[in-house]
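Working notes, beginning with the structure itself.
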Amino acid sequence: MSRIAIIGAGASGLVCAIEASRKGHNVTLFEKNSKVGRKILATGNGKCNISNEKIQLERYHGKSPSFAKEALKRFDTFTCKAFFRSLGLEMREGEEGRLYPMSHQASSVVDMLLHEVRSLHVNIVLECEVTKIEKKDAAFVLHVNEKTDVFDACVIATGSVAMPTLGSSGSGYGFAKSLGHSVIEPYPSLVQFVCDESHLKEVSGVKMDANVELYIDNQKCQSVQGDLLFTAYGLSGSAILDLSRKASHALVQGESVDVVLDLLPNLSREALTSLFQKRLAVGKEKSLSLWLEGMIPKKLAYFIIENTHLSHIKEASSLGAKEIKKMVFALKSLRLHVKATKGFESAEVCAGGVDVSELESKNLMSKKIQNLYFCGEVLDIDGDCGGFNLHFAWASGYLVGQSL
Ligand SMILES: Cc1cc2nc3c(=O)[nH]c(=O)nc-3n(C[C@H](O)[C@H](O)[C@H](O)COP(=O)(O)OP(=O)(O)OC[C@H]3O[C@@H](n4cnc5c(N)ncnc54)[C@H](O)[C@@H]3O)c2cc1C
């Protein structure tokens with residue numbers, strides 16, 4: 001039986017602790033928060049999008065995403081469901097293959113994981129921040145709350161720097177560097193956009209299905225149809241999060257980022273123009289905003305009027321072909337400049353992290369230091385929105401736990 005230290009009781013650390021204990025190791029789990037799994041509680045808007053029916057390597061990114069292949073093979077969706085069922089948790093499928101706990105409560109996932117680690121007699125040490133890891137001969141010396149403790153193996157499961165309010169401090173990157181590993185500079189991903197359009201506040205709160213095209217230095221590079229949410233600072237929603245990895249990388253490189261929104265993707269330009277013209281015959285005595293409100297949300301109607309500089313038009317009857325063309329253009333090709341992302345503070349995940357080329361893909365052990373392992377988001381592997389990030393956290397924690 002070996003003494004194993006796992007730093008971080010998040011998604012990857014908890015699964016790693018369960019598997020390592022099931023193998024008979026003596027496991028200590030260090031967590032700086034007063035509770036385990038704080039980030040899990042925030043996932044999927046509190047419902048926890050635990051995994052996805054369609055886990056594929058193509059949904060993962062980083063310098064070398066194929067590194068994730070072994071972990072995903074060993075812990076596929078079937079194994080994921082079986083693992084959580086072994087803890088007493090049932091799942092149900094939502095839209096686009098997303099898997100959620102049947103209770104639709106993230107707290108059920110944390111409660112089941114916690115019950116299992118307790119049953120397996122894992123030594124859970126809360127409110128303890130590991131500040132330093134030293135390698136002395138074959139042992140790892142961990143510095144915790146001004147004390148030291150010695151272990152045979154050490155697992156760094158500290159997560160990234162995304163959403164630091166939930167415990168992510170990036171300490172894992174520091175440990176990796178101090179132990180001779182390289183870290184690919186992290187940047188925020190699955191994150192909202194800050195835009196500098198002056199009338200955005202007026203449309204804040206409006207959510208719709210839209211097609212969003214991403215332009216980097218005026219080159220179209222990605223297009224996504226999905227939920228779009230206007231906010232006081234800019235744009236959010238699943239379509240934006242899906243585009244955010246490329247946008248965030250471009251902003252870090254100092255490139256210019258724009259989005260072009262098609263707010264009525266199911267109507268062609270021609271169909272929308274002819275609908276406008278037909279509606280003129282019936283509603284011409286209405287104010288322009290009320291007339292538009294028959295087709296689009298009220299706040300968006302005000303926004304479109306401001307954006308097209310048509311506020312001087314009081315009644316729909318005054319609309320001519322030129323004005324209709326302007327409104328069609330605004331609704332089908334609304335261009336907004338993306339000034340920044342909302343940063344690490346609001347990001348769901350980080351791109352970048354510990355360079356995986358310095359680790360063994362079959363067990364996630366360091367190629368430089370025997371018995372030093374990494375799992376979860378601290379690695380330079382990040383996934384798309386839709387349960388892919390939690391799945392990688394569980395899968396990598398599982399692989400390390402089984403390999404110890
Ligand atoms: C708001 C939000 C919603 C999300 N929704 C989803 C979703 O629905 N589906 C999905 O797949 N992914 C989602 N994600 C991403 C997912 O939560 C993460 O990818 C995943 O939790 C990463 O797991 P991890 O174990 O690597 O890190 P974490 O879960 O962040 O755990 C790391 C733990 O280590 C602890 N720690 C750090 N440093 C130290 C130290 N020095 N000493 C002791 N403890 C330390 C931290 O306190 C933390 O508890 C979401 C993320 C956020 C922020």
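In the structure tokens, each chain is lettered A, B, ... as it comes, each chain's residues begin at 1, and ligands are numbered from 1 in order of appearance.
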I'd like to know which residues of region 3-145 of chain A are strand (DSSP E or B) (by DSSP, run on the backbone); could you write them as a PyMOL selection string? chain A and resi 3-7+26-30+51-52+60-61+91-93+98-101+123-125+130-136+139-144
File of the preceding selection, C-alpha atoms, as an mmCIF file, in the first residue's frame:
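Below is the file that was written, selection18.cif:
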data_model
loop_
_atom_site.group_PDB
_atom_site.id
_atom_site.type_symbol
_atom_site.label_atom_id
_atom_site.label_comp_id
_atom_site.auth_asym_id
_atom_site.auth_seq_id
_atom_site.Cartn_x
_atom_site.Cartn_y
_atom_site.Cartn_z
ATOM 1 C CA ARG A 3 0.834 6.774 0.531
ATOM 2 C CA ILE A 4 -0.762 8.922 -2.162
ATOM 3 C CA ALA A 5 -1.327 12.700 -1.992
ATOM 4 C CA ILE A 6 -3.973 14.172 -4.261
ATOM 5 C CA ILE A 7 -3.975 17.969 -4.388
ATOM 6 C CA ASN A 26 -3.678 5.037 1.483
ATOM 7 C CA VAL A 27 -5.040 8.284 -0.004
ATOM 8 C CA THR A 28 -4.946 11.831 1.377
ATOM 9 C CA LEU A 29 -6.993 14.425 -0.483
ATOM 10 C CA PHE A 30 -6.008 18.060 0.123
ATOM 11 C CA SER A 51 -20.830 14.136 -19.702
ATOM 12 C CA ASN A 52 -22.051 13.598 -23.250
ATOM 13 C CA TYR A 60 -10.979 18.429 -27.371
ATOM 14 C CA HIS A 61 -8.281 21.057 -27.973
ATOM 15 C CA MET A 91 -28.250 9.997 -15.380
ATOM 16 C CA ARG A 92 -30.616 11.321 -17.998
ATOM 17 C CA GLU A 93 -30.016 12.643 -21.477
ATOM 18 C CA ARG A 98 -25.735 16.086 -22.931
ATOM 19 C CA LEU A 99 -25.909 13.925 -19.805
ATOM 20 C CA TYR A 100 -27.190 15.244 -16.469
ATOM 21 C CA PRO A 101 -27.806 13.632 -13.108
ATOM 22 C CA ASN A 123 -8.260 11.113 4.418
ATOM 23 C CA ILE A 124 -9.989 14.359 3.335
ATOM 24 C CA VAL A 125 -8.125 17.426 4.546
ATOM 25 C CA VAL A 130 -0.666 22.950 -0.470
ATOM 26 C CA THR A 131 1.939 25.659 -0.988
ATOM 27 C CA LYS A 132 5.003 23.703 -2.076
ATOM 28 C CA ILE A 133 5.969 20.243 -3.334
ATOM 29 C CA GLU A 134 9.544 19.055 -2.870
ATOM 30 C CA LYS A 135 11.075 15.922 -4.261
ATOM 31 C CA LYS A 136 13.426 14.260 -1.738
ATOM 32 C CA ALA A 139 9.478 10.786 -1.716
ATOM 33 C CA PHE A 140 7.304 13.868 -2.184
ATOM 34 C CA VAL A 141 7.295 16.376 0.658
ATOM 35 C CA LEU A 142 4.164 18.522 0.711
ATOM 36 C CA HIS A 143 4.067 21.838 2.550
ATOM 37 C CA VAL A 144 0.597 22.404 3.999
#
Return as a VMD selection string every polymer residue, whether protein, DNA or RNA, with at least one atom no more than 6 Å from an atom of ligand 1; count only C-alpha atoms and all ligand atoms. chain A and resid 7 to 13 30 to 33 37 to 40 42 to 44 48 to 51 128 to 131 157 to 159 163 167 to 169 171 348 to 349 376 to 378 386 to 391 393
Which of A:Val338, A:Lys325, A:Leu241, A:Asp111 sits closest to Tyr215 (chain A) [using only C-alpha atoms]: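 Checking each candidate against Tyr215 (chain A), we get A:Val338 as the closest.
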Between CA of Val356 (chain A) and CA of Thr341 (chain A), what is the distance, to one decimal in Å?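 Interatomic distance here is 26.1 Å.
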If you run DSSP on this backbone, which residues of region 146-277 of chain A come out as alpha helix (DSSP H), and could you give them as a ChimeraX atom specification? /A:171-178,200-203,238-252,269-277
Written selection (C-alpha atoms) as a PDB file, in the first residue's frame:
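Writing done, so here's again.pdb:
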ATOM      1  CA  SER A 171      -1.231  26.766  -8.142  1.00  0.00           C
ATOM      2  CA  GLY A 172      -0.852  23.583 -10.213  1.00  0.00           C
ATOM      3  CA  TYR A 173       1.016  25.503 -12.896  1.00  0.00           C
ATOM      4  CA  GLY A 174       3.465  26.742 -10.234  1.00  0.00           C
ATOM      5  CA  PHE A 175       3.973  23.195  -8.873  1.00  0.00           C
ATOM      6  CA  ALA A 176       4.536  21.876 -12.401  1.00  0.00           C
ATOM      7  CA  LYS A 177       7.131  24.556 -13.159  1.00  0.00           C
ATOM      8  CA  SER A 178       8.905  24.051  -9.830  1.00  0.00           C
ATOM      9  CA  LEU A 200     -26.319  47.159 -26.012  1.00  0.00           C
ATOM     10  CA  LYS A 201     -27.739  47.958 -22.565  1.00  0.00           C
ATOM     11  CA  GLU A 202     -31.139  48.504 -24.186  1.00  0.00           C
ATOM     12  CA  VAL A 203     -31.280  44.943 -25.472  1.00  0.00           C
ATOM     13  CA  SER A 238     -23.989  28.824 -25.922  1.00  0.00           C
ATOM     14  CA  ALA A 239     -23.249  30.132 -29.448  1.00  0.00           C
ATOM     15  CA  ILE A 240     -20.813  32.681 -28.002  1.00  0.00           C
ATOM     16  CA  LEU A 241     -19.162  30.182 -25.648  1.00  0.00           C
ATOM     17  CA  ASP A 242     -18.645  27.851 -28.615  1.00  0.00           C
ATOM     18  CA  LEU A 243     -16.780  30.583 -30.502  1.00  0.00           C
ATOM     19  CA  SER A 244     -14.898  31.896 -27.516  1.00  0.00           C
ATOM     20  CA  ARG A 245     -11.806  29.683 -27.645  1.00  0.00           C
ATOM     21  CA  LYS A 246     -10.720  31.021 -31.042  1.00  0.00           C
ATOM     22  CA  ALA A 247     -11.795  34.573 -30.192  1.00  0.00           C
ATOM     23  CA  SER A 248      -9.948  34.553 -26.869  1.00  0.00           C
ATOM     24  CA  HIS A 249      -6.769  33.237 -28.491  1.00  0.00           C
ATOM     25  CA  ALA A 250      -6.982  35.927 -31.193  1.00  0.00           C
ATOM     26  CA  LEU A 251      -7.436  38.686 -28.602  1.00  0.00           C
ATOM     27  CA  VAL A 252      -4.399  37.449 -26.678  1.00  0.00           C
ATOM     28  CA  ARG A 269     -33.046  38.064 -46.526  1.00  0.00           C
ATOM     29  CA  GLU A 270     -35.637  37.937 -49.332  1.00  0.00           C
ATOM     30  CA  ALA A 271     -38.271  36.295 -47.129  1.00  0.00           C
ATOM     31  CA  LEU A 272     -37.711  38.909 -44.414  1.00  0.00           C
ATOM     32  CA  THR A 273     -37.919  41.787 -46.919  1.00  0.00           C
ATOM     33  CA  SER A 274     -41.169  40.439 -48.334  1.00  0.00           C
ATOM     34  CA  LEU A 275     -42.570  39.889 -44.813  1.00  0.00           C
ATOM     35  CA  PHE A 276     -41.761  43.526 -43.960  1.00  0.00           C
ATOM     36  CA  GLN A 277     -43.489  44.686 -47.130  1.00  0.00           C
TER      37      GLN A 277
END
Provide the CA of Ser403 (chain A) to CA of Glu185 (chain A) distance in Å, to one decimal place.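 Taking CA of Ser403 (chain A) and CA of Glu185 (chain A), their separation equals 27.9 Å.
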Contacts of region 361-374 of chain A at 8 Å or less, counting only C-alpha atoms, minus same-chain residues fewer than 5 places along, as an MDAnalysis selection string? chainID A and resid 67:71 152:157 179:181 356 379 396 399:400 403:404
Skip Asp355 (chain A) itself and residues of its chain fewer than 4 positions away, then list as a PyMOL selection string all residues within 7 Å of it, counting only C-alpha atoms. chain A and resi 182-184+379-380
Any idea what's packed within 8 Å of Gly401 (chain A), counting only C-alpha atoms, ignoring anything in its chain fewer than 3 positions away? Could you give it as a ChimeraX atom specification? /A:15-20,397-398,404
Atoms kept (N, CA, C and O atoms) for selection, written as a compact mmCIF listing (two decimals), in the first residue's frame:
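For reference, selection25.txt as written:
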# COMPACT_ATOMS: atom_id res chain seq x y z
N VAL A 15 -12.50 11.67 -8.31
CA VAL A 15 -12.56 10.38 -9.00
C VAL A 15 -11.24 9.63 -8.83
O VAL A 15 -11.22 8.42 -8.60
N CYS A 16 -10.14 10.38 -8.90
CA CYS A 16 -8.83 9.77 -8.70
C CYS A 16 -8.73 9.14 -7.30
O CYS A 16 -8.25 8.01 -7.15
N ALA A 17 -9.22 9.87 -6.30
CA ALA A 17 -9.17 9.36 -4.91
C ALA A 17 -9.99 8.07 -4.78
O ALA A 17 -9.56 7.11 -4.12
N ILE A 18 -11.14 8.02 -5.43
CA ILE A 18 -11.99 6.82 -5.35
C ILE A 18 -11.27 5.62 -5.98
O ILE A 18 -11.16 4.55 -5.37
N GLU A 19 -10.74 5.81 -7.18
CA GLU A 19 -10.09 4.69 -7.87
C GLU A 19 -8.83 4.25 -7.14
O GLU A 19 -8.56 3.05 -7.03
N ALA A 20 -8.04 5.21 -6.66
CA ALA A 20 -6.80 4.84 -5.95
C ALA A 20 -7.13 4.09 -4.65
O ALA A 20 -6.47 3.10 -4.30
N GLY A 397 -8.87 11.66 -14.10
CA GLY A 397 -8.75 11.26 -12.68
C GLY A 397 -8.85 9.74 -12.54
O GLY A 397 -8.10 9.12 -11.78
N TYR A 398 -9.74 9.15 -13.31
CA TYR A 398 -9.95 7.70 -13.30
C TYR A 398 -8.68 6.98 -13.77
O TYR A 398 -8.22 6.03 -13.14
N LEU A 404 -2.08 4.19 -10.49
CA LEU A 404 -1.18 4.42 -9.36
C LEU A 404 -0.67 3.10 -8.78
O LEU A 404 -1.43 2.14 -8.70
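Using only C-alpha atoms, the smallest distance between any of A:Ser189, A:Thr77, A:Ser103, A:Ser198 and Gly383 (chain A) comes from A:Ser189.
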Can you tell me which residues surround Leu280 (chain A) at a distance of at most 9 Å, considering only C-alpha atoms, apart from same-chain residues fewer than 5 positions away, and format the answer as an MDAnalysis selection string? chainID A and resid 275 291 316:317 319
Within 8 Å of Ile304 (chain A) using only C-alpha atoms, minus same-chain residues under 2 positions, as an MDAnalysis selection string: chainID A and resid 300:302 306:308 327 330:331
Could you write out that same residue set with C-alpha atoms as a short mmCIF file (atom, residue, chain, number, x, y, z; two decimals), in the first residue's frame?
data_model
loop_
_atom_site.label_atom_id
_atom_site.label_comp_id
_atom_site.auth_asym_id
_atom_site.auth_seq_id
_atom_site.Cartn_x
_atom_site.Cartn_y
_atom_site.Cartn_z
CA LEU A 300 -34.56 44.27 -29.71
CA ALA A 301 -36.98 46.44 -31.70
CA TYR A 302 -35.68 49.55 -29.86
CA GLU A 306 -31.23 52.97 -32.72
CA ASN A 307 -28.67 50.89 -34.57
CA THR A 308 -30.14 51.78 -37.98
CA MET A 327 -33.51 46.92 -40.93
CA ALA A 330 -29.33 44.94 -39.11
CA LEU A 331 -31.35 41.83 -38.31
#
Between A:Cys80, A:Asn266, A:Phe344, A:Gln56, which residue has the minimum interatomic distance to Thr165 (chain A), considering only C-alpha atoms?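 Of all the options, A:Phe344 lies closest to Thr165 (chain A).
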